[in-house]
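Undergrad: One structure is given below, represented as structure tokens, and several questions about it will come after.
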Amino acid sequence: MFHFTRRGPRAFASKLALTVVALSTALASPVLAAGKTLTAVMHSDLRIIDPIFTTAYITRDHGYMVYDTLVAPDSNFKIQPQMADWKISDDKLTYTFTLRDGLKWHDGAPVTAEDCVASLKRWAAVDGMGQKLMDFTASLEATDAKTITLKLKEPYGLVLDSIGKPSSRVAFMMPKRLAETPPDKQIPEQIGSGPFKFVQGEFQPGVKAVYVKNTDYVPRKEPASWTSGGKVVKVDRVEWITMPDSQTAVNALQSGDIDFMENLPYDMLPVLEANKELTIEVSNKFGFQTLGRMNFLYPPFDNVKVRRAALLAMNQKDVLDALVGNPKYQKVCGAFFVCDTPLATEVGAETLVKGNGMAEAKKALAESGYDGTPVVIMAPGDVTTLKAQPIVAAQLLREAGFKVDLQATDWQTVVSRRASQKPPKEGGWNMFFTNWVAADVSNPIANLSIGGQGKKGGWFGWAEDAKIEQLKDAFVRAASLDEQKKIAADIQKEAYEQVIYIPLGQYLLPSGWRKSLTGVLDGPATPLFWNIDKSE
């Protein structure tokens with residue numbers, strides 16, 4: 001199992017860190033510090049705060065604090081009204097969304113349909129499901145202050161599922177002046193209409209992010225369910241405290257210095273489970289897929305023969321044993337669209353799941369024309385769920401005959417650097433690893449990583465594959481689940497042949513919180529901080 005680095009006397013370090021943060025908070029903002037405060041250590045430090053600019057989950061989590069959505073899924077996978085209700089014309093070509101009363105931006109201005117149209121267009125320019133929705137869209141406009149009208153070229157069954165998708169990128173609504181920012185540039189301020197307000201003056205990347213209750217927010221009357229229903233805020237303030245070292249964070253959780261820890265280290269679970277003051281649960285029951293992504297623009301992975309050699313060298317069990325090391329929480333799975341779903345298939349995954357491809361990998365690399373170009377792998381050391389993959393992959397690639405340049409960094413640097421199309425020698429990269437929640441990869445339209453759009457609109461790595469794009473079009477027009485299954489299998493076959501990305505297995509991730517917290521929600525895009533109460 002992969003062992004996490006441990007440094008110094010943890011209990012003292014965690015108390016000292018929290019004391020410094022608490023003191024600086026009290027000095028900086030005594031009014032905002034009053035009332036009920038929930039402190040949390042999230043899976044990553046927050047640096048990028050534009051939820052359309054990046055697919056990073058920490059930024060998505062920030063988005064749910066500040067922004068709201070037109071519609072959202074409940075725990076039965078059914079799309080529900082959130083900011084708006086809707087009607088669908090008999091011919092299935094016109095969707096009319098009507099904003100509910102009481103919606104205001106954090107600066108006090110009313111939310112308008114024009115704001116929402118601009119927000120949808122910005123989101124759709126970069127999101128996979130949004131892009132496909134726009135392919136079928138004839139027009140999208142505000143027909144009055146509260147009405148958004150979407151007209152289709154032909155019927156498209158994923159309209160609501162696209163606009164209500166619960167995870168990256170989420171169709172968050174923002175004022176028109178912000179939504180008109182090009183999606184490749186970050187918005188200049190954080191003004192949403194959601195249940196919390198972002199405290200810009202207290203934002204210290206690498207230290208903390210602070211949110212306060214939006215007292216003007218009018219929750220829906222329905223019970224909270226996943227990202228739908230009433231977003232009732234029951235605390236006055238939420239602080240995300242940065243603690244890159246997991247042992248420090250665990251000590252802070254056990255001592256009561258923090259209330260919530262998103263990612264618990266697997267090797268410490270026995271100790272945490274024995275603590276009667278803590279609740280340990282898997283909030284996202286659908287789990288995560290972990291994967292490796294190559295850069296198609298530069299050598300050596302611009303050569304499909306080299307990519308196939310790298311795929312043959314990979315072994316899911318080695319990765320999962322290092323990442324998780326507990327059979328209860330890990331699953332070998334070669335399905336691009338997640339195991340135990342209607343679209344699951346093992347087509348093309350044989351050596352990956354059996355771990356018997358190294359001999360073939362050495363032979364394939366020798367025959368590929370590989371010239372010894374170093375493979376630059378970004379290796380973040382500050383996120384528990386992303387430490388092991390690059391280390392294991394580097395070892396396997398070296399065994400196959402690759403030269404590897406494993407570059408230590410933090411996750412937010414990876415998030416920024418992976419967007420660069422510069423050559424590796426100029427600050428670019430050849431390979432990085434990430435994780436998707438199952439909801440983000442469970443079908444070919446939601447799965448952003450499987451796209452073949454290349455440099456224009458494609459996901460980091462910029463794979464270009466016209467066949468996959470044609471198959472995705474066929475998928476959304478499929479008349480039956482059986483037809484969708486066949487097309488999904490064809491997409492997976494092509495994805496393995498071209499090595500669009502390398503799925504490295506699935507895992508579940510337990511979170512922990514003090515028993516003073518109640519109302520913690522589950523769902524495919526957790527953690528969510530509304531509905532949580534804290535007893536004194």
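We label chains A, B, ... in the order they appear in the structure tokens, count residues from 1 in each chain, and number ligands from 1 in the order shown.
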Dump as CSV the rows for residues of region 55-133 of chain A within 7 Å of region 149-171 of chain A: closest atom pair and distance in Å with one decimal, only C-alpha atoms counted, ordered by chain and rising residue number.

TA:
residue,atom,partner,partner_atom,distance
A:Thr55,CA,A:Ser168,CA,5.1
A:Tyr57,CA,A:Ser168,CA,6.9
A:Arg60,CA,A:Ser168,CA,6.3
A:Thr69,CA,A:Ala171,CA,6.2
A:Val71,CA,A:Gly164,CA,5.0
A:Ala72,CA,A:Gly164,CA,4.5
A:Pro73,CA,A:Gly164,CA,6.4
A:Ile79,CA,A:Gly164,CA,6.7
A:Lys92,CA,A:Pro155,CA,5.6
A:Leu93,CA,A:Leu152,CA,4.9
A:Thr94,CA,A:Lys151,CA,4.5
A:Tyr95,CA,A:Leu150,CA,5.1
A:Thr96,CA,A:Thr149,CA,4.7
A:Phe97,CA,A:Thr149,CA,6.4
A:Leu120,CA,A:Ala171,CA,6.3
A:Trp123,CA,A:Ala171,CA,5.8
A:Asp127,CA,A:Arg169,CA,5.9
A:Met129,CA,A:Ser162,CA,5.6
A:Gly130,CA,A:Ser162,CA,6.3
A:Leu133,CA,A:Val159,CA,6.6

Undergrad: As a count of residues only, please: every residue in region 198-374 of chain A that a backbone DSSP assignment puts in alpha helix (DSSP H).

TA: 47

Undergrad: Extract, using only C-alpha atoms, all DNA, RNA and protein residues at most 10 Å from Ala109 (chain A), discarding same-chain residues fewer than 5 positions from it, and format them as a PyMOL selection string.

TA: chain A and resi 103-104+175+193

Undergrad: With C-alpha atoms retained, export the selected residues as a PDB file, in the first residue's frame.

TA:
ATOM      1  CA  LEU A 103     -34.288  35.282  -6.906  1.00  0.00           C
ATOM      2  CA  LYS A 104     -31.628  37.930  -6.242  1.00  0.00           C
ATOM      3  CA  PRO A 175     -25.071  37.766 -13.726  1.00  0.00           C
ATOM      4  CA  SER A 193     -27.637  33.826  -6.225  1.00  0.00           C
TER       5      SER A 193
END

Undergrad: Quick one: distance from CA of Glu239 (chain A) to CA of Asp267 (chain A) in Å, one decimal?

TA: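 Result for CA of Glu239 (chain A) versus CA of Asp267 (chain A): 26.3 Å, one decimal.
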
Undergrad: Please identify every residue of region 385-461 of chain A that has at least one atom no farther than 6 Å from an atom of region 333-343 of chain A, counting only C-alpha atoms, and for each give the shortest atom pair and the distance in Å to one decimal, arranged by chain then increasing number, as a Markdown table.

TA:
| residue | atom | partner | partner_atom | distance |
| --- | --- | --- | --- | --- |
| A:Val441 | CA | A:Phe337 | CA | 5.5 |
| A:Ser442 | CA | A:Phe337 | CA | 4.4 |
| A:Asn443 | CA | A:Phe337 | CA | 5.5 |

Undergrad: Write the residues of the selection above to a file with N, CA and C atoms, as a PDB file, in the first residue's frame.

TA:
ATOM      1  N   VAL A 441     -19.037  10.384 -15.782  1.00  0.00           N
ATOM      2  CA  VAL A 441     -18.499   9.508 -16.828  1.00  0.00           C
ATOM      3  C   VAL A 441     -19.445   8.369 -17.208  1.00  0.00           C
ATOM      4  N   SER A 442     -20.681   8.419 -16.742  1.00  0.00           N
ATOM      5  CA  SER A 442     -21.579   7.272 -16.876  1.00  0.00           C
ATOM      6  C   SER A 442     -22.225   7.115 -18.245  1.00  0.00           C
ATOM      7  N   ASN A 443     -22.031   8.089 -19.136  1.00  0.00           N
ATOM      8  CA  ASN A 443     -22.488   7.922 -20.519  1.00  0.00           C
ATOM      9  C   ASN A 443     -21.571   8.718 -21.434  1.00  0.00           C
TER      10      ASN A 443
END
